[in-house]
$ cat start.cif   # mmCIF, C-alpha atoms
data_input
loop_
_atom_site.label_atom_id
_atom_site.label_comp_id
_atom_site.auth_asym_id
_atom_site.auth_seq_id
_atom_site.Cartn_x
_atom_site.Cartn_y
_atom_site.Cartn_z
CA MET A 18 -102.29 40.44 10.78
CA ILE A 19 -102.93 38.11 13.67
CA LEU A 20 -102.07 34.47 14.12
CA HIS A 21 -104.89 32.84 16.09
CA THR A 22 -104.22 29.63 17.98
CA VAL A 23 -106.83 27.11 19.03
CA ASN A 24 -105.83 24.37 21.49
CA LYS A 25 -109.25 23.15 22.66
CA SER A 26 -111.50 20.58 21.03
CA PRO A 27 -114.55 22.13 19.36
CA PHE A 28 -116.60 19.39 21.05
CA GLU A 29 -115.48 20.60 24.44
CA LYS A 30 -115.38 24.38 24.25
CA ASN A 31 -116.45 27.23 22.01
CA THR A 32 -112.86 28.37 21.52
CA LEU A 33 -112.91 27.62 17.78
CA ILE A 34 -116.18 29.45 17.15
CA SER A 35 -114.99 32.40 19.19
CA CYS A 36 -111.71 32.43 17.31
CA LEU A 37 -113.40 32.30 13.90
CA LYS A 38 -115.64 35.20 14.93
CA HIS A 39 -112.57 37.36 15.47
CA CYS A 40 -110.75 36.34 12.31
CA LYS A 41 -110.41 38.77 9.45
CA PRO A 42 -109.95 37.76 5.81
CA GLY A 43 -106.34 36.65 5.47
CA SER A 44 -105.91 35.83 9.15
CA SER A 45 -104.15 32.59 10.05
CA VAL A 46 -105.41 29.98 12.48
CA LEU A 47 -103.04 27.50 14.07
CA LEU A 48 -104.69 24.35 15.41
CA ILE A 49 -102.66 22.68 18.14
CA GLU A 50 -103.28 20.04 20.83
CA ASP A 51 -107.01 19.13 20.92
CA GLY A 52 -107.66 22.02 18.55
CA ILE A 53 -106.75 19.66 15.71
CA PHE A 54 -110.19 18.06 15.99
CA ALA A 55 -111.52 21.23 14.40
CA ALA A 56 -109.96 19.99 11.16
CA LEU A 57 -112.18 16.91 11.04
CA GLU A 58 -114.60 16.64 8.19
CA ASN A 59 -118.27 16.89 9.17
CA LEU A 60 -117.63 18.48 12.49
CA SER A 61 -121.24 18.26 13.55
CA ASP A 62 -121.48 14.55 12.89
CA TRP A 63 -120.01 12.66 15.78
CA THR A 64 -119.10 9.14 14.78
CA GLU A 65 -117.66 6.17 16.58
CA GLU A 66 -114.56 6.62 14.49
CA ILE A 67 -114.05 10.11 15.83
CA ALA A 68 -114.69 8.81 19.32
CA ALA A 69 -112.05 6.14 18.86
CA GLU A 70 -109.66 8.79 17.58
CA ILE A 71 -110.23 11.04 20.57
CA ALA A 72 -109.90 8.05 22.89
CA GLN A 73 -106.52 7.29 21.41
CA THR A 74 -105.19 10.75 22.23
CA GLU A 75 -106.52 10.21 25.76
CA GLU A 76 -104.61 6.91 25.85
CA ILE A 77 -107.78 4.92 26.38
CA LYS A 78 -108.36 1.61 24.67
CA MET A 79 -112.07 1.48 24.01
CA SER A 80 -113.69 -1.73 25.32
CA GLU A 81 -117.33 -2.74 25.30
CA ASN A 82 -117.66 -1.19 28.76
CA HIS A 83 -116.22 2.12 27.54
CA TRP A 84 -118.68 2.21 24.65
CA GLU A 85 -121.53 1.47 27.03
CA VAL A 86 -120.75 4.64 29.01
CA VAL A 87 -120.11 6.80 25.95
CA THR A 88 -123.35 5.70 24.28
CA PHE A 89 -125.22 6.25 27.52
CA LEU A 90 -123.85 9.81 27.75
CA ARG A 91 -124.97 10.62 24.21
CA ASP A 92 -128.46 9.27 24.86
CA TYR A 93 -128.62 11.25 28.10
CA TYR A 94 -127.61 14.44 26.30
CA ASP A 95 -130.19 13.82 23.60
CA GLU A 96 -132.89 13.52 26.20
CA PHE A 97 -131.93 16.24 28.70
CA GLN A 98 -129.66 18.61 26.72
CA ILE A 99 -126.92 18.43 29.35
CA ALA A 100 -124.15 16.03 30.24
CA PRO A 101 -124.84 14.57 33.68
CA ALA A 102 -122.71 15.36 36.73
CA VAL A 103 -120.57 12.43 37.87
CA ARG A 104 -122.82 11.68 40.83
CA VAL A 105 -125.87 11.55 38.57
CA LEU A 106 -124.05 9.50 35.94
CA THR A 107 -122.88 6.97 38.52
CA LYS A 108 -126.40 6.48 39.84
CA ALA A 109 -127.94 6.24 36.39
CA ILE A 110 -125.33 3.76 35.13
CA GLY A 111 -125.95 1.55 38.16
CA LYS A 112 -129.67 1.63 37.52
CA LYS A 113 -129.33 0.77 33.86
CA PHE A 114 -126.38 -1.64 33.71
CA GLY A 115 -126.30 -3.17 37.19
CA LYS A 116 -125.04 -2.35 40.65
CA GLU A 117 -121.48 -3.53 40.03
CA LYS A 118 -121.12 -0.71 37.47
CA GLY A 119 -122.86 1.99 39.48
CA ASN A 120 -119.85 3.22 41.43
CA SER A 121 -117.11 5.72 40.83
CA LYS A 122 -114.36 3.10 41.17
CA TYR A 123 -115.70 1.35 38.07
CA LEU A 124 -116.04 4.58 36.10
CA TYR A 125 -112.62 5.87 37.11
CA GLU A 126 -111.06 2.56 36.09
CA LEU A 127 -112.52 3.05 32.63
CA PHE A 128 -111.72 6.78 32.49
CA PRO A 129 -108.77 7.46 34.84
CA TYR A 130 -108.90 11.24 34.40
CA GLY A 131 -112.54 11.34 35.36
CA PRO A 132 -115.69 10.23 33.59
CA ALA A 133 -116.83 13.83 33.27
CA LYS A 134 -113.71 15.03 31.58
CA GLN A 135 -112.74 12.05 29.46
CA ALA A 136 -115.95 10.20 28.68
CA CYS A 137 -117.76 13.38 27.68
CA LYS A 138 -114.85 14.39 25.49
CA ILE A 139 -114.89 11.03 23.74
CA ALA A 140 -118.68 11.26 23.41
CA GLY A 141 -118.26 14.63 21.68
CA LEU A 142 -120.19 16.44 24.40
CA PRO A 143 -119.50 19.53 26.48
CA LYS A 144 -118.36 19.00 30.04
CA PRO A 145 -121.17 18.52 32.57
CA THR A 146 -122.78 21.70 33.77
CA GLY A 147 -121.40 22.50 37.19
CA CYS A 148 -118.08 20.85 36.47
CA ILE A 149 -115.82 23.88 36.80
CA MET B 6 -112.40 23.12 41.86
CA SER B 7 -113.82 19.99 40.38
CA GLU B 8 -117.20 18.68 41.34
CA GLU B 9 -115.69 15.23 40.98
CA MET B 10 -113.83 15.73 44.23
CA TYR B 11 -117.05 15.50 46.17
CA GLU B 12 -118.70 12.45 44.68
CA ASP B 13 -120.03 9.49 46.63
CA ASP B 14 -121.32 11.77 49.37
CA GLU B 15 -117.88 12.18 50.88
CA TYR B 16 -118.47 15.89 51.26
CA ASP B 17 -120.04 16.77 54.58
CA GLY B 18 -119.99 20.54 54.40
CA ILE B 19 -122.57 23.07 55.47
CA VAL B 20 -125.97 22.61 53.82
CA LYS B 21 -128.00 25.77 53.29
CA LYS B 22 -131.45 26.33 51.91
CA PHE B 23 -130.96 27.85 48.48
CA MET B 24 -133.89 29.34 46.59
CA TYR B 25 -133.71 30.31 42.94
CA VAL B 26 -136.48 32.70 41.90
CA ASN B 27 -137.23 32.69 38.18
CA ARG B 28 -139.27 35.60 36.91
CA LYS B 29 -138.36 35.99 33.24
CA ALA B 30 -139.42 34.31 30.01
CA PRO B 31 -137.05 31.48 28.91
CA TYR B 32 -135.72 33.28 25.84
CA GLY B 33 -134.86 36.88 25.01
CA THR B 34 -132.55 37.19 27.98
CA ILE B 35 -129.96 34.79 29.40
CA TYR B 36 -131.50 34.79 32.90
CA ALA B 37 -133.45 31.52 32.68
CA LEU B 38 -130.54 29.48 31.30
CA GLU B 39 -128.06 31.04 33.74
CA SER B 40 -130.38 30.28 36.63
CA LEU B 41 -130.67 26.65 35.56
CA GLU B 42 -126.90 26.31 35.35
CA VAL B 43 -126.41 27.80 38.81
CA VAL B 44 -129.08 25.43 40.14
CA LEU B 45 -127.10 22.47 38.79
CA ILE B 46 -123.91 23.80 40.39
CA GLY B 47 -125.70 24.21 43.73
CA ALA B 48 -127.04 20.67 43.40
CA ALA B 49 -123.55 19.35 42.71
CA PHE B 50 -122.54 20.76 46.09
CA ASP B 51 -125.43 18.96 47.83
CA GLN B 52 -127.29 22.05 48.95
CA ASP B 53 -130.99 22.08 49.88
CA ILE B 54 -132.43 23.55 46.73
CA SER B 55 -135.81 25.00 45.86
CA LEU B 56 -136.95 26.72 42.69
CA ALA B 57 -139.72 29.28 42.38
CA PHE B 58 -141.35 30.29 39.12
CA MET B 59 -143.48 33.42 38.90
CA ASP B 60 -144.53 36.12 36.44
CA ASP B 61 -143.23 35.25 32.93
CA GLY B 62 -140.86 32.77 34.60
CA VAL B 63 -143.66 30.18 34.49
CA TYR B 64 -143.14 29.99 30.73
CA GLN B 65 -139.74 28.37 31.37
CA LEU B 66 -141.57 25.15 32.29
CA LYS B 67 -143.98 25.24 29.36
CA LYS B 68 -144.25 21.97 27.41
CA ASP B 69 -143.50 21.74 23.66
CA GLN B 70 -141.09 24.66 23.36
CA ASP B 71 -139.83 25.04 19.81
CA THR B 72 -136.81 27.29 19.33
CA LYS B 73 -135.84 26.18 15.82
CA ALA B 74 -136.72 29.45 14.11
CA THR B 75 -134.60 31.44 16.56
CA GLU B 76 -131.59 29.10 16.34
CA ILE B 77 -131.38 29.07 20.11
CA LYS B 78 -131.01 25.84 22.04
CA ASN B 79 -134.23 24.58 23.60
CA PHE B 80 -132.98 23.84 27.10
CA SER B 81 -136.38 23.01 28.59
CA PRO B 82 -135.69 19.21 28.59
CA THR B 83 -133.02 19.91 31.22
CA TYR B 84 -135.73 20.70 33.80
CA ARG B 85 -136.65 17.02 33.57
CA ALA B 86 -133.13 16.11 34.70
CA LEU B 87 -133.45 18.07 37.96
CA GLU B 88 -135.02 15.13 39.75
CA MET B 89 -131.83 13.12 39.19
CA TYR B 90 -129.90 15.94 40.87
CA ASP B 91 -132.27 15.60 43.86
CA VAL B 92 -133.82 18.96 43.04
CA GLU B 93 -137.47 18.18 43.66
CA LYS B 94 -138.94 21.33 45.19
CA LEU B 95 -140.38 23.33 42.33
CA TYR B 96 -142.92 25.96 43.39
CA VAL B 97 -145.00 27.74 40.78
CA SER B 98 -147.13 30.81 41.43
CA LYS B 99 -150.75 29.90 40.87
CA ASP B 100 -151.64 33.54 40.20
CA SER B 101 -149.04 33.81 37.43
CA MET B 102 -150.34 30.58 35.86
CA ASP B 103 -153.95 31.78 35.99
CA GLU B 104 -153.06 35.17 34.48
CA ARG B 105 -151.52 33.35 31.50
CA GLY B 106 -154.23 30.74 31.10
CA LEU B 107 -151.85 27.92 32.01
CA THR B 108 -152.55 24.78 34.05
CA GLU B 109 -150.27 22.13 35.53
CA ASP B 110 -150.90 19.98 32.44
CA ASP B 111 -149.07 22.60 30.34
CA LEU B 112 -145.83 22.08 32.28
CA ILE B 113 -142.92 19.79 31.44
CA VAL B 114 -142.32 18.62 35.06
CA PRO B 115 -144.42 18.00 38.16
CA VAL B 116 -144.58 21.13 40.35
CA GLU B 117 -146.41 22.46 43.36
CA LEU B 118 -148.76 25.32 42.56
CA VAL B 119 -148.76 27.79 45.42
CA SER B 120 -150.64 30.93 46.41
CA ALA B 121 -148.83 34.24 46.87
CA GLU B 122 -149.16 33.81 50.62
CA LYS B 123 -147.61 30.32 50.59
CA MET B 124 -144.83 31.56 48.29
CA SER B 125 -143.86 34.29 50.73
CA ASP B 126 -143.78 31.72 53.55
CA ILE B 127 -141.43 29.56 51.48
CA LEU B 128 -139.20 32.54 50.66
CA GLU B 129 -139.11 33.44 54.35
CA GLU B 130 -137.62 30.01 55.23
CA GLN B 131 -134.59 30.31 52.91
CA ASP B 132 -130.97 31.00 53.84
CA VAL B 133 -130.05 32.30 50.41
CA ILE B 134 -132.23 33.67 47.61
CA PHE B 135 -131.00 34.10 44.06
CA SER B 136 -133.25 36.28 41.94
CA PHE B 137 -133.24 35.81 38.20
#

$ encode --input "start.cif" --output "structure tokens"
Amino acid sequence: MILHTVNKSPFEKNTLISCLKHCKPGSSVLLIEDGIFAALENLSDWTEEIAAEIAQTEEIKMSENHWEVVTFLRDYYDEFQIAPAVRVLTKAIGKKFGKEKGNSKYLYELFPYGPAKQACKIAGLPKPTGCI
Amino acid sequence: MSEEMYEDDEYDGIVKKFMYVNRKAPYGTIYALESLEVVLIGAAFDQDISLAFMDDGVYQLKKDQDTKATEIKNFSPTYRALEMYDVEKLYVSKDSMDERGLTEDDLIVPVELVSAEKMSDILEEQDVIFSF
């Protein structure tokens, strides 16, 4: 009997799915760190509540400006089926919300560990393609 | 290495001419999706990128793809994001289009239709060619 551990958010990586594929009846799964998001009800339905919850673990207090970016990312993903690279995001944000927001300083102030890593996580999206 | 390190055009490395040759149908093998992901990575590193589509590869750009029945993600909308990554050189073999009864109007993005002769000239100019 194996104890499987999952420490990555199911919104971020396929660790959970991969783990479940290798489970046998009676196996145990231990959810730790961001793996605990796997225990959410309605996994497929991202909600603002979940976003706020994820933000809290990232120690980010969601302001109107944070929501603006997160909502933008979800719309972008809907349209293009990928999360944008930071460079592309920065440009697109500037175009949509004004020049003063279209720079990395602004985005890093909102998401200190990087808009790609943190904002996408909060938006329930995979990391941008090309972000290794 | 994070792509975020190189944002705001601070990265002044060597720029090479990268060509990605796409010759397979979008689904059935992983080639088309893998190619697209490598293109996005190349773009994140500010390389001079071109894409070529020939043989069944032209189907990758076909409008109105519907993958529901196969439960595979329809990634074709991502080709429309390439412009934002400054990937604007998309060459499509006119012969391959003709053989399949396709015209430019059937494609999801603007492309340049080229003869076999022109295509070999373009291939000749490249520093690196990735064949998918």

$ resolve_selection --input "start.cif" --expression "the PyMOL selection byres ((chain A) within 8 of (chain B))" --output "list in words"
Glu96, Phe97, Gln98, Ile99, Ala102, Val103, Arg104, Val105, Ser121, Gly131, Ala133, Thr146, Gly147, Cys148 and Ile149 of chain A

$ closest_residue --input "start.cif" --among "B:Asp71, B:Leu56, B:Glu39, B:Asp132" --to "Ser98 (chain B)" --atoms "all atoms listed in the file"
B:Leu56

$ resolve_selection --input "start.cif" --expression "the PyMOL selection byres ((chain B and resi 100) around 10)" --output "list in words"
Met59, Asp60, Val97, Ser98, Lys99, Ser101, Met102, Asp103, Glu104, Arg105, Gly106, Leu107, Leu118, Val119, Ser120 and Ala121 of chain B

$ write_last_selection --input "start.cif" --atoms "C-alpha atoms" --output "mmCIF file, in the coordinates of the input"
data_model
loop_
_atom_site.group_PDB
_atom_site.id
_atom_site.type_symbol
_atom_site.label_atom_id
_atom_site.label_comp_id
_atom_site.auth_asym_id
_atom_site.auth_seq_id
_atom_site.Cartn_x
_atom_site.Cartn_y
_atom_site.Cartn_z
ATOM 1 C CA MET B 59 -143.480 33.420 38.900
ATOM 2 C CA ASP B 60 -144.530 36.120 36.440
ATOM 3 C CA VAL B 97 -145.000 27.740 40.780
ATOM 4 C CA SER B 98 -147.130 30.810 41.430
ATOM 5 C CA LYS B 99 -150.750 29.900 40.870
ATOM 6 C CA SER B 101 -149.040 33.810 37.430
ATOM 7 C CA MET B 102 -150.340 30.580 35.860
ATOM 8 C CA ASP B 103 -153.950 31.780 35.990
ATOM 9 C CA GLU B 104 -153.060 35.170 34.480
ATOM 10 C CA ARG B 105 -151.520 33.350 31.500
ATOM 11 C CA GLY B 106 -154.230 30.740 31.100
ATOM 12 C CA LEU B 107 -151.850 27.920 32.010
ATOM 13 C CA LEU B 118 -148.760 25.320 42.560
ATOM 14 C CA VAL B 119 -148.760 27.790 45.420
ATOM 15 C CA SER B 120 -150.640 30.930 46.410
ATOM 16 C CA ALA B 121 -148.830 34.240 46.870
#

$ atom_distance --input "start.cif" --atom1 "CA of Leu124 (chain A)" --atom2 "CA of Glu50 (chain A)"
25.2 Å

$ atom_distance --input "start.cif" --atom1 "CA of Glu66 (chain A)" --atom2 "CA of Thr32 (chain A)"
22.9 Å

$ atom_distance --input "start.cif" --atom1 "CA of Ile19 (chain A)" --atom2 "CA of Gly43 (chain A)"
9.0 Å

$ closest_residue --input "start.cif" --among "B:Tyr64, B:Tyr96, B:Phe23, B:Phe137" --to "Ala37 (chain B)" --atoms "only C-alpha atoms"
B:Phe137

$ closest_residue --input "start.cif" --among "B:Val63, B:Ile113, B:Ile19, B:Ile54" --to "Pro31 (chain B)" --atoms "all atoms listed in the file"
B:Val63

$ resolve_selection --input "start.cif" --expression "the PyMOL selection byres ((chain A and resi 128) around 12)" --output "PyMOL selection string"
chain A and resi 72+75-80+82-84+86-87+103+121-127+129-139

$ build_atoms --input "start.cif" --residues "region 25-53 of chain A" --atoms "N, CA and C atoms" --output "mmCIF file, keeping the file's coordinate frame"
data_model
loop_
_atom_site.group_PDB
_atom_site.id
_atom_site.type_symbol
_atom_site.label_atom_id
_atom_site.label_comp_id
_atom_site.auth_asym_id
_atom_site.auth_seq_id
_atom_site.Cartn_x
_atom_site.Cartn_y
_atom_site.Cartn_z
ATOM 1 N N LYS A 25 -108.175 23.908 21.996
ATOM 2 C CA LYS A 25 -109.250 23.150 22.660
ATOM 3 C C LYS A 25 -110.131 22.482 21.609
ATOM 4 N N SER A 26 -110.617 21.281 21.945
ATOM 5 C CA SER A 26 -111.500 20.580 21.030
ATOM 6 C C SER A 26 -112.801 21.348 20.834
ATOM 7 N N PRO A 27 -113.281 21.429 19.588
ATOM 8 C CA PRO A 27 -114.550 22.130 19.360
ATOM 9 C C PRO A 27 -115.730 21.396 19.994
ATOM 10 N N PHE A 28 -115.530 20.130 20.378
ATOM 11 C CA PHE A 28 -116.600 19.390 21.050
ATOM 12 C C PHE A 28 -116.682 19.782 22.519
ATOM 13 N N GLU A 29 -115.574 20.345 23.004
ATOM 14 C CA GLU A 29 -115.480 20.600 24.440
ATOM 15 C C GLU A 29 -115.762 22.059 24.776
ATOM 16 N N LYS A 30 -115.248 22.955 23.950
ATOM 17 C CA LYS A 30 -115.380 24.380 24.250
ATOM 18 C C LYS A 30 -115.723 25.157 23.001
ATOM 19 N N ASN A 31 -116.103 26.426 23.184
ATOM 20 C CA ASN A 31 -116.450 27.230 22.010
ATOM 21 C C ASN A 31 -115.270 28.049 21.497
ATOM 22 N N THR A 32 -114.067 27.635 21.896
ATOM 23 C CA THR A 32 -112.860 28.370 21.520
ATOM 24 C C THR A 32 -112.752 28.589 20.006
ATOM 25 N N LEU A 33 -113.040 27.527 19.238
ATOM 26 C CA LEU A 33 -112.910 27.620 17.780
ATOM 27 C C LEU A 33 -113.890 28.645 17.223
ATOM 28 N N ILE A 34 -115.152 28.530 17.651
ATOM 29 C CA ILE A 34 -116.180 29.450 17.150
ATOM 30 C C ILE A 34 -115.818 30.882 17.498
ATOM 31 N N SER A 35 -115.374 31.069 18.727
ATOM 32 C CA SER A 35 -114.990 32.400 19.190
ATOM 33 C C SER A 35 -113.809 32.924 18.374
ATOM 34 N N CYS A 36 -112.879 32.051 18.101
ATOM 35 C CA CYS A 36 -111.710 32.430 17.310
ATOM 36 C C CYS A 36 -112.128 32.849 15.899
ATOM 37 N N LEU A 37 -112.991 32.017 15.282
ATOM 38 C CA LEU A 37 -113.400 32.300 13.900
ATOM 39 C C LEU A 37 -114.164 33.621 13.820
ATOM 40 N N LYS A 38 -114.886 33.939 14.883
ATOM 41 C CA LYS A 38 -115.640 35.200 14.930
ATOM 42 C C LYS A 38 -114.700 36.401 14.873
ATOM 43 N N HIS A 39 -113.498 36.232 15.391
ATOM 44 C CA HIS A 39 -112.570 37.360 15.470
ATOM 45 C C HIS A 39 -111.538 37.369 14.346
ATOM 46 N N CYS A 40 -111.677 36.386 13.443
ATOM 47 C CA CYS A 40 -110.750 36.340 12.310
ATOM 48 C C CYS A 40 -111.153 37.338 11.244
ATOM 49 N N LYS A 41 -110.160 37.917 10.616
ATOM 50 C CA LYS A 41 -110.410 38.770 9.450
ATOM 51 C C LYS A 41 -109.954 38.009 8.211
ATOM 52 N N PRO A 42 -110.449 38.426 7.025
ATOM 53 C CA PRO A 42 -109.950 37.760 5.810
ATOM 54 C C PRO A 42 -108.425 37.816 5.779
ATOM 55 N N GLY A 43 -107.804 36.686 5.511
ATOM 56 C CA GLY A 43 -106.340 36.650 5.470
ATOM 57 C C GLY A 43 -105.690 36.282 6.784
ATOM 58 N N SER A 44 -106.485 36.235 7.859
ATOM 59 C CA SER A 44 -105.910 35.830 9.150
ATOM 60 C C SER A 44 -105.505 34.361 9.117
ATOM 61 N N SER A 45 -104.565 33.999 9.965
ATOM 62 C CA SER A 45 -104.150 32.590 10.050
ATOM 63 C C SER A 45 -104.625 31.988 11.357
ATOM 64 N N VAL A 46 -105.010 30.714 11.278
ATOM 65 C CA VAL A 46 -105.410 29.980 12.480
ATOM 66 C C VAL A 46 -104.503 28.771 12.627
ATOM 67 N N LEU A 47 -103.887 28.651 13.791
ATOM 68 C CA LEU A 47 -103.040 27.500 14.070
ATOM 69 C C LEU A 47 -103.766 26.570 15.034
ATOM 70 N N LEU A 48 -104.024 25.335 14.560
ATOM 71 C CA LEU A 48 -104.690 24.350 15.410
ATOM 72 C C LEU A 48 -103.632 23.491 16.084
ATOM 73 N N ILE A 49 -103.626 23.510 17.417
ATOM 74 C CA ILE A 49 -102.660 22.680 18.140
ATOM 75 C C ILE A 49 -103.391 21.875 19.213
ATOM 76 N N GLU A 50 -102.717 20.915 19.786
ATOM 77 C CA GLU A 50 -103.280 20.040 20.830
ATOM 78 C C GLU A 50 -104.673 19.552 20.393
ATOM 79 N N ASP A 51 -105.672 19.632 21.279
ATOM 80 C CA ASP A 51 -107.010 19.130 20.920
ATOM 81 C C ASP A 51 -107.693 20.008 19.873
ATOM 82 N N GLY A 52 -107.108 21.159 19.594
ATOM 83 C CA GLY A 52 -107.660 22.020 18.550
ATOM 84 C C GLY A 52 -107.675 21.353 17.192
ATOM 85 N N ILE A 53 -106.842 20.311 17.013
ATOM 86 C CA ILE A 53 -106.750 19.660 15.710
ATOM 87 C C ILE A 53 -108.065 18.969 15.331
#
